[in-house]
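Structure record follows, encoded as structure tokens.
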Amino acid sequence: MFSRLNLLARHLSRPLPNYLHHSAARASMASERSKKMIHTAACLIIGDEVLGGKTVDTNSAWFAKYCFSLGIALQRVEVIADDEAEIIEAARRMSARYDFVVTSGGIGPTHDDITYQSIARAFDLPLVLHEGALEKMKRLSRPHPGQMNFSWEEDTPARRAKMRMIELPYDKALPDSDQVLFAADDLWVPINVVNGNLHILPGIPRLFEKMLTGLKPALLPRLTDPEGKGVHRVLFSTPMPESEVAGYLTELAGRVKGKGVNVGSYPRWGKSRNTVTLVGRDKEFMEGLVPEVEENVKGKRIQVEGEDDSDGGDKDA
């Protein structure tokens, strides 16, 4: 009896968790993350329709080109289901590991659009109806032909579904301008920034591309290589099959790795020529390699892949 009383007394004597301190610390870390230099990126595609083959993902390919143009190293692309546990795990892991993270999909008005609520739970944040986004939605959105009698003044299922799209994960300890960004004057859809570096975007390619393009000016001050001017890609066309040049390319890759140059080899099925690439920042060093690579792959430098397909040559097998 006394042992149980002593155990209870010790438990009650422990200090209560300082939730206010936890919230302030989380906000401070998110604020730091939102201002640090951007070196790496990741892209999280969310949607059962992508995994099921109904929708073809083009957003990750577009984002890869976007990152390359800005000198950001895109290091990971994942496609996951509309599953809360998967979204929570991936959002936490990517936000912790990469400087700039974007998600695509799952922010519509229906029951299976669960990205906002899942990411809110991932970072212990409430969902908050954003008044600025609501005002823009009312001003810019147009009634669907099947909803001509829609009214913002009536509490209807359609109105609640629309407002669900602007109930955002929100940290009240952070400035609104760090969390909700409007990338274009003619769009009401916000870029919701969570944990300082995770940017929630729609899956519709036209919107995804337009919003990231609009975000670009805000990213430039945080880039070590604005506009990607220090990232170079040199293309070579070769009539040789990959197996014939593999030994040389392996040796070359080992030799130039220390200079930050990556060597790539890309077969072009059904075409007469394959492609070899050099990608890196040391332009002078890479230019110096051109004659050597041309000689060893029995090819030539090109500007655009496929520009010399009519030249003939043996097809890759």
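Ligands are numbered from 1 in the order shown, chains are lettered A, B, ... in the order of the structure tokens, and residues start at 1 in each chain.
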
Considering only C-alpha atoms, return as a PyMOL selection string whatever protein or nucleic-acid residues lie within 9 Å of Ile45 (chain A), sequence-local ones (same chain, fewer than 3 positions apart) excluded. chain A and resi 50+57+59-60+77-81+102-105+203

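All residues within region 16-189 of chain A that the backbone DSSP calculation assigns to strand (DSSP E) are A:Thr40, A:Ala41, A:Ala42, A:Cys43, A:Leu44, A:Ile45, A:Ile46, A:Ala73, A:Leu74, A:Gln75, A:Arg76, A:Val77, A:Glu78, A:Val79, A:Ile80, A:Phe100, A:Val101, A:Val102, A:Thr103, A:Ser104, A:Leu127, A:Val128, A:Leu129, A:Glu167, A:Leu168, A:Pro169, A:Val180, A:Leu181.
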
How about saving the chosen residues, N, CA, C and O atoms kept, as an mmCIF file, in the first residue's frame?
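Below you can see result_8.cif, which holds the result:
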data_model
loop_
_atom_site.group_PDB
_atom_site.id
_atom_site.type_symbol
_atom_site.label_atom_id
_atom_site.label_comp_id
_atom_site.auth_asym_id
_atom_site.auth_seq_id
_atom_site.Cartn_x
_atom_site.Cartn_y
_atom_site.Cartn_z
ATOM 1 N N THR A 40 19.828 21.178 -51.228
ATOM 2 C CA THR A 40 19.204 19.920 -51.628
ATOM 3 C C THR A 40 17.688 20.045 -51.660
ATOM 4 O O THR A 40 17.098 20.895 -50.995
ATOM 5 N N ALA A 41 17.058 19.154 -52.440
ATOM 6 C CA ALA A 41 15.602 19.181 -52.567
ATOM 7 C C ALA A 41 15.056 17.767 -52.657
ATOM 8 O O ALA A 41 15.773 16.821 -52.982
ATOM 9 N N ALA A 42 13.755 17.653 -52.377
ATOM 10 C CA ALA A 42 13.043 16.384 -52.509
ATOM 11 C C ALA A 42 11.622 16.678 -52.956
ATOM 12 O O ALA A 42 11.081 17.757 -52.700
ATOM 13 N N CYS A 43 11.013 15.700 -53.623
ATOM 14 C CA CYS A 43 9.658 15.855 -54.148
ATOM 15 C C CYS A 43 8.820 14.654 -53.726
ATOM 16 O O CYS A 43 9.216 13.506 -53.953
ATOM 17 N N LEU A 44 7.679 14.931 -53.116
ATOM 18 C CA LEU A 44 6.781 13.877 -52.646
ATOM 19 C C LEU A 44 5.470 13.955 -53.428
ATOM 20 O O LEU A 44 4.693 14.899 -53.271
ATOM 21 N N ILE A 45 5.236 12.967 -54.281
ATOM 22 C CA ILE A 45 4.006 12.885 -55.069
ATOM 23 C C ILE A 45 3.010 12.032 -54.296
ATOM 24 O O ILE A 45 3.300 10.879 -53.953
ATOM 25 N N ILE A 46 1.831 12.594 -54.025
ATOM 26 C CA ILE A 46 0.836 11.913 -53.200
ATOM 27 C C ILE A 46 -0.406 11.626 -54.038
ATOM 28 O O ILE A 46 -1.007 12.542 -54.594
ATOM 29 N N ALA A 73 20.337 20.594 -55.904
ATOM 30 C CA ALA A 73 20.499 19.156 -56.135
ATOM 31 C C ALA A 73 19.233 18.422 -55.692
ATOM 32 O O ALA A 73 18.993 18.247 -54.491
ATOM 33 N N LEU A 74 18.415 18.001 -56.654
ATOM 34 C CA LEU A 74 17.244 17.180 -56.339
ATOM 35 C C LEU A 74 17.741 15.779 -56.018
ATOM 36 O O LEU A 74 18.291 15.092 -56.872
ATOM 37 N N GLN A 75 17.538 15.345 -54.776
ATOM 38 C CA GLN A 75 18.123 14.086 -54.329
ATOM 39 C C GLN A 75 17.112 12.973 -54.114
ATOM 40 O O GLN A 75 17.491 11.816 -53.957
ATOM 41 N N ARG A 76 15.827 13.306 -54.126
ATOM 42 C CA ARG A 76 14.847 12.232 -53.899
ATOM 43 C C ARG A 76 13.485 12.592 -54.480
ATOM 44 O O ARG A 76 13.027 13.733 -54.363
ATOM 45 N N VAL A 77 12.859 11.601 -55.112
ATOM 46 C CA VAL A 77 11.472 11.697 -55.561
ATOM 47 C C VAL A 77 10.762 10.440 -55.081
ATOM 48 O O VAL A 77 11.255 9.328 -55.280
ATOM 49 N N GLU A 78 9.619 10.606 -54.419
ATOM 50 C CA GLU A 78 8.833 9.460 -53.951
ATOM 51 C C GLU A 78 7.386 9.624 -54.391
ATOM 52 O O GLU A 78 6.874 10.743 -54.468
ATOM 53 N N VAL A 79 6.734 8.506 -54.652
ATOM 54 C CA VAL A 79 5.296 8.481 -54.917
ATOM 55 C C VAL A 79 4.653 7.601 -53.856
ATOM 56 O O VAL A 79 5.055 6.447 -53.684
ATOM 57 N N ILE A 80 3.690 8.150 -53.127
ATOM 58 C CA ILE A 80 3.036 7.398 -52.064
ATOM 59 C C ILE A 80 1.516 7.503 -52.199
ATOM 60 O O ILE A 80 0.998 8.352 -52.928
ATOM 61 N N PHE A 100 14.804 21.810 -49.174
ATOM 62 C CA PHE A 100 13.625 22.326 -49.878
ATOM 63 C C PHE A 100 12.783 21.141 -50.315
ATOM 64 O O PHE A 100 13.225 20.322 -51.129
ATOM 65 N N VAL A 101 11.583 21.033 -49.773
ATOM 66 C CA VAL A 101 10.720 19.886 -50.049
ATOM 67 C C VAL A 101 9.396 20.392 -50.626
ATOM 68 O O VAL A 101 8.822 21.366 -50.126
ATOM 69 N N VAL A 102 8.927 19.739 -51.673
ATOM 70 C CA VAL A 102 7.599 20.043 -52.196
ATOM 71 C C VAL A 102 6.761 18.775 -52.194
ATOM 72 O O VAL A 102 7.275 17.676 -52.415
ATOM 73 N N THR A 103 5.468 18.943 -51.917
ATOM 74 C CA THR A 103 4.520 17.844 -52.088
ATOM 75 C C THR A 103 3.571 18.212 -53.217
ATOM 76 O O THR A 103 3.353 19.394 -53.500
ATOM 77 N N SER A 104 3.016 17.196 -53.854
ATOM 78 C CA SER A 104 2.103 17.403 -54.972
ATOM 79 C C SER A 104 0.900 16.488 -54.789
ATOM 80 O O SER A 104 1.051 15.273 -54.722
ATOM 81 N N LEU A 127 -5.365 22.568 -37.876
ATOM 82 C CA LEU A 127 -5.838 23.040 -39.175
ATOM 83 C C LEU A 127 -6.616 24.330 -38.936
ATOM 84 O O LEU A 127 -7.533 24.375 -38.109
ATOM 85 N N VAL A 128 -6.231 25.379 -39.657
ATOM 86 C CA VAL A 128 -6.839 26.693 -39.450
ATOM 87 C C VAL A 128 -7.388 27.215 -40.774
ATOM 88 O O VAL A 128 -6.695 27.179 -41.800
ATOM 89 N N LEU A 129 -8.625 27.675 -40.745
ATOM 90 C CA LEU A 129 -9.194 28.303 -41.938
ATOM 91 C C LEU A 129 -8.470 29.626 -42.168
ATOM 92 O O LEU A 129 -8.513 30.521 -41.324
ATOM 93 N N GLU A 167 -8.220 25.078 -45.283
ATOM 94 C CA GLU A 167 -7.959 24.773 -43.876
ATOM 95 C C GLU A 167 -6.549 24.199 -43.810
ATOM 96 O O GLU A 167 -6.308 23.043 -44.156
ATOM 97 N N LEU A 168 -5.600 25.022 -43.393
ATOM 98 C CA LEU A 168 -4.185 24.734 -43.564
ATOM 99 C C LEU A 168 -3.498 24.391 -42.251
ATOM 100 O O LEU A 168 -3.853 24.926 -41.192
ATOM 101 N N PRO A 169 -2.476 23.518 -42.289
ATOM 102 C CA PRO A 169 -1.615 23.333 -41.116
ATOM 103 C C PRO A 169 -0.981 24.680 -40.778
ATOM 104 O O PRO A 169 -0.380 25.321 -41.656
ATOM 105 N N VAL A 180 2.109 31.023 -45.507
ATOM 106 C CA VAL A 180 1.113 31.059 -46.571
ATOM 107 C C VAL A 180 1.582 32.034 -47.641
ATOM 108 O O VAL A 180 1.667 33.242 -47.404
ATOM 109 N N LEU A 181 1.913 31.495 -48.817
ATOM 110 C CA LEU A 181 2.441 32.303 -49.910
ATOM 111 C C LEU A 181 1.499 32.226 -51.104
ATOM 112 O O LEU A 181 1.032 31.142 -51.474
#

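Neighbours of region 33-39 of chain A closer than or equal to 7 Å, with only C-alpha atoms counted and sequence neighbours fewer than 5 positions away skipped, come out as Ile72, Ala73, Asp99, Phe100, Gly196, Asn197, Arg222 and Leu223 of chain A.
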
Expected file: the selected residues, all heavy atoms, as an mmCIF file, in the first residue's frame:
data_model
loop_
_atom_site.group_PDB
_atom_site.id
_atom_site.type_symbol
_atom_site.label_atom_id
_atom_site.label_comp_id
_atom_site.auth_asym_id
_atom_site.auth_seq_id
_atom_site.Cartn_x
_atom_site.Cartn_y
_atom_site.Cartn_z
ATOM 1 N N ILE A 72 19.997 23.620 -57.644
ATOM 2 C CA ILE A 72 19.619 22.840 -56.459
ATOM 3 C C ILE A 72 19.744 21.360 -56.798
ATOM 4 O O ILE A 72 19.293 20.919 -57.860
ATOM 5 C CB ILE A 72 18.169 23.145 -56.030
ATOM 6 C CG1 ILE A 72 17.986 24.630 -55.730
ATOM 7 C CG2 ILE A 72 17.776 22.314 -54.814
ATOM 8 C CD1 ILE A 72 16.534 25.034 -55.507
ATOM 9 N N ALA A 73 20.337 20.594 -55.904
ATOM 10 C CA ALA A 73 20.499 19.156 -56.135
ATOM 11 C C ALA A 73 19.233 18.422 -55.692
ATOM 12 O O ALA A 73 18.993 18.247 -54.491
ATOM 13 C CB ALA A 73 21.705 18.633 -55.369
ATOM 14 N N ASP A 99 16.748 20.407 -47.736
ATOM 15 C CA ASP A 99 16.569 21.839 -47.501
ATOM 16 C C ASP A 99 15.249 22.364 -48.051
ATOM 17 O O ASP A 99 14.654 23.287 -47.487
ATOM 18 C CB ASP A 99 17.716 22.626 -48.151
ATOM 19 C CG ASP A 99 19.081 22.230 -47.636
ATOM 20 O OD1 ASP A 99 19.183 21.883 -46.439
ATOM 21 O OD2 ASP A 99 20.056 22.260 -48.427
ATOM 22 N N PHE A 100 14.804 21.810 -49.174
ATOM 23 C CA PHE A 100 13.625 22.326 -49.878
ATOM 24 C C PHE A 100 12.783 21.141 -50.315
ATOM 25 O O PHE A 100 13.225 20.322 -51.129
ATOM 26 C CB PHE A 100 14.091 23.152 -51.080
ATOM 27 C CG PHE A 100 12.999 23.721 -51.934
ATOM 28 C CD1 PHE A 100 11.980 24.479 -51.390
ATOM 29 C CD2 PHE A 100 13.001 23.517 -53.317
ATOM 30 C CE1 PHE A 100 10.980 25.019 -52.186
ATOM 31 C CE2 PHE A 100 12.011 24.048 -54.128
ATOM 32 C CZ PHE A 100 10.998 24.803 -53.558
ATOM 33 N N GLY A 196 8.947 25.093 -41.979
ATOM 34 C CA GLY A 196 9.976 25.957 -42.542
ATOM 35 C C GLY A 196 10.456 25.602 -43.925
ATOM 36 O O GLY A 196 10.992 26.458 -44.635
ATOM 37 N N ASN A 197 10.265 24.345 -44.351
ATOM 38 C CA ASN A 197 10.837 23.952 -45.649
ATOM 39 C C ASN A 197 9.978 23.014 -46.477
ATOM 40 O O ASN A 197 10.373 22.615 -47.570
ATOM 41 C CB ASN A 197 12.212 23.314 -45.444
ATOM 42 C CG ASN A 197 12.143 21.980 -44.708
ATOM 43 O OD1 ASN A 197 11.126 21.628 -44.108
ATOM 44 N ND2 ASN A 197 13.234 21.245 -44.738
ATOM 45 N N ARG A 222 18.321 32.604 -51.314
ATOM 46 C CA ARG A 222 18.777 31.474 -50.494
ATOM 47 C C ARG A 222 19.582 30.460 -51.298
ATOM 48 O O ARG A 222 19.883 29.383 -50.801
ATOM 49 C CB ARG A 222 17.565 30.800 -49.846
ATOM 50 C CG ARG A 222 16.779 31.712 -48.920
ATOM 51 C CD ARG A 222 15.482 31.063 -48.473
ATOM 52 N NE ARG A 222 15.727 29.779 -47.858
ATOM 53 C CZ ARG A 222 14.797 28.835 -47.707
ATOM 54 N NH1 ARG A 222 13.570 29.050 -48.188
ATOM 55 N NH2 ARG A 222 15.089 27.691 -47.132
ATOM 56 N N LEU A 223 19.929 30.803 -52.521
ATOM 57 C CA LEU A 223 20.661 29.877 -53.376
ATOM 58 C C LEU A 223 22.125 30.279 -53.473
ATOM 59 O O LEU A 223 22.450 31.461 -53.602
ATOM 60 C CB LEU A 223 20.054 29.852 -54.782
ATOM 61 C CG LEU A 223 18.572 29.467 -54.884
ATOM 62 C CD1 LEU A 223 18.126 29.520 -56.328
ATOM 63 C CD2 LEU A 223 18.326 28.089 -54.293
#

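Here the DSSP assignment of alpha helix (DSSP H), based on backbone atoms, applies within region 64-116 of chain A to Ala64, Lys65, Tyr66, Cys67, Phe68, Ser69, Leu70, Glu84, Ala85, Glu86, Ile87, Ile88, Glu89, Ala90, Ala91, Arg92, Arg93, Met94, Ser95, Ala96, Arg97, Thr115 and Tyr116 of chain A.
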
Given the selection you just returned, output its residues as a file containing N, CA, C and O atoms, formatted as a tab-separated table (two decimals), in the first residue's frame.
chain	number	residue	atom	x	y	z
A	64	ALA	N	12.33	18.44	-61.42
A	64	ALA	CA	13.75	18.11	-61.61
A	64	ALA	C	14.42	19.17	-62.48
A	64	ALA	O	15.54	19.63	-62.17
A	65	LYS	N	13.77	19.56	-63.56
A	65	LYS	CA	14.33	20.60	-64.42
A	65	LYS	C	14.38	21.95	-63.70
A	65	LYS	O	15.33	22.73	-63.87
A	66	TYR	N	13.37	22.22	-62.92
A	66	TYR	CA	13.30	23.46	-62.13
A	66	TYR	C	14.48	23.54	-61.17
A	66	TYR	O	15.17	24.57	-61.10
A	67	CYS	N	14.75	22.45	-60.46
A	67	CYS	CA	15.87	22.42	-59.52
A	67	CYS	C	17.20	22.57	-60.24
A	67	CYS	O	18.08	23.32	-59.80
A	68	PHE	N	17.36	21.88	-61.36
A	68	PHE	CA	18.61	21.97	-62.12
A	68	PHE	C	18.86	23.40	-62.57
A	68	PHE	O	19.99	23.90	-62.50
A	69	SER	N	17.81	24.09	-63.01
A	69	SER	CA	17.97	25.46	-63.49
A	69	SER	C	18.37	26.42	-62.38
A	69	SER	O	18.94	27.48	-62.64
A	70	LEU	N	18.09	26.04	-61.13
A	70	LEU	CA	18.42	26.89	-59.98
A	70	LEU	C	19.68	26.43	-59.26
A	70	LEU	O	20.07	27.03	-58.25
A	84	GLU	N	-2.69	8.32	-44.55
A	84	GLU	CA	-2.21	9.26	-43.54
A	84	GLU	C	-0.87	8.86	-42.93
A	84	GLU	O	0.04	9.68	-42.80
A	85	ALA	N	-0.73	7.59	-42.58
A	85	ALA	CA	0.52	7.14	-41.94
A	85	ALA	C	1.71	7.31	-42.89
A	85	ALA	O	2.81	7.72	-42.46
A	86	GLU	N	1.50	7.00	-44.17
A	86	GLU	CA	2.60	7.15	-45.13
A	86	GLU	C	2.97	8.61	-45.33
A	86	GLU	O	4.15	8.97	-45.43
A	87	ILE	N	1.97	9.48	-45.41
A	87	ILE	CA	2.23	10.91	-45.59
A	87	ILE	C	2.97	11.47	-44.38
A	87	ILE	O	3.94	12.22	-44.52
A	88	ILE	N	2.54	11.09	-43.18
A	88	ILE	CA	3.19	11.57	-41.96
A	88	ILE	C	4.66	11.16	-41.93
A	88	ILE	O	5.55	11.98	-41.68
A	89	GLU	N	4.92	9.89	-42.20
A	89	GLU	CA	6.30	9.40	-42.15
A	89	GLU	C	7.18	10.08	-43.19
A	89	GLU	O	8.29	10.54	-42.89
A	90	ALA	N	6.69	10.18	-44.42
A	90	ALA	CA	7.49	10.77	-45.50
A	90	ALA	C	7.71	12.25	-45.27
A	90	ALA	O	8.81	12.77	-45.52
A	91	ALA	N	6.68	12.97	-44.81
A	91	ALA	CA	6.82	14.41	-44.59
A	91	ALA	C	7.86	14.71	-43.51
A	91	ALA	O	8.71	15.58	-43.67
A	92	ARG	N	7.79	13.98	-42.41
A	92	ARG	CA	8.77	14.19	-41.33
A	92	ARG	C	10.19	13.88	-41.81
A	92	ARG	O	11.13	14.65	-41.56
A	93	ARG	N	10.35	12.76	-42.48
A	93	ARG	CA	11.69	12.32	-42.91
A	93	ARG	C	12.29	13.29	-43.93
A	93	ARG	O	13.45	13.68	-43.81
A	94	MET	N	11.50	13.67	-44.92
A	94	MET	CA	12.02	14.55	-45.96
A	94	MET	C	12.32	15.95	-45.42
A	94	MET	O	13.33	16.56	-45.77
A	95	SER	N	11.44	16.47	-44.58
A	95	SER	CA	11.67	17.80	-44.02
A	95	SER	C	12.94	17.84	-43.18
A	95	SER	O	13.66	18.84	-43.17
A	96	ALA	N	13.23	16.74	-42.50
A	96	ALA	CA	14.43	16.68	-41.66
A	96	ALA	C	15.70	16.52	-42.48
A	96	ALA	O	16.78	16.96	-42.07
A	97	ARG	N	15.58	15.92	-43.66
A	97	ARG	CA	16.78	15.52	-44.42
A	97	ARG	C	17.15	16.50	-45.53
A	97	ARG	O	18.32	16.61	-45.89
A	115	THR	N	-3.97	15.44	-47.59
A	115	THR	CA	-2.60	15.92	-47.41
A	115	THR	C	-2.51	16.95	-46.29
A	115	THR	O	-1.62	16.87	-45.42
A	116	TYR	N	-3.39	17.94	-46.28
A	116	TYR	CA	-3.32	18.97	-45.25
A	116	TYR	C	-3.45	18.37	-43.84
A	116	TYR	O	-2.65	18.66	-42.95

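For Lys283 (chain A), the set of protein, DNA and RNA residues having any atom at most 12 Å away, when counting only C-alpha atoms and skipping those fewer than 4 positions along the same chain, is A:Lys229, A:Gly230, A:Val231, A:His232, A:Arg233, A:Val234, A:Lys259, A:Gly260, A:Val261, A:Leu278, A:Val279, A:Glu287, A:Gly288, A:Leu289, A:Val290.
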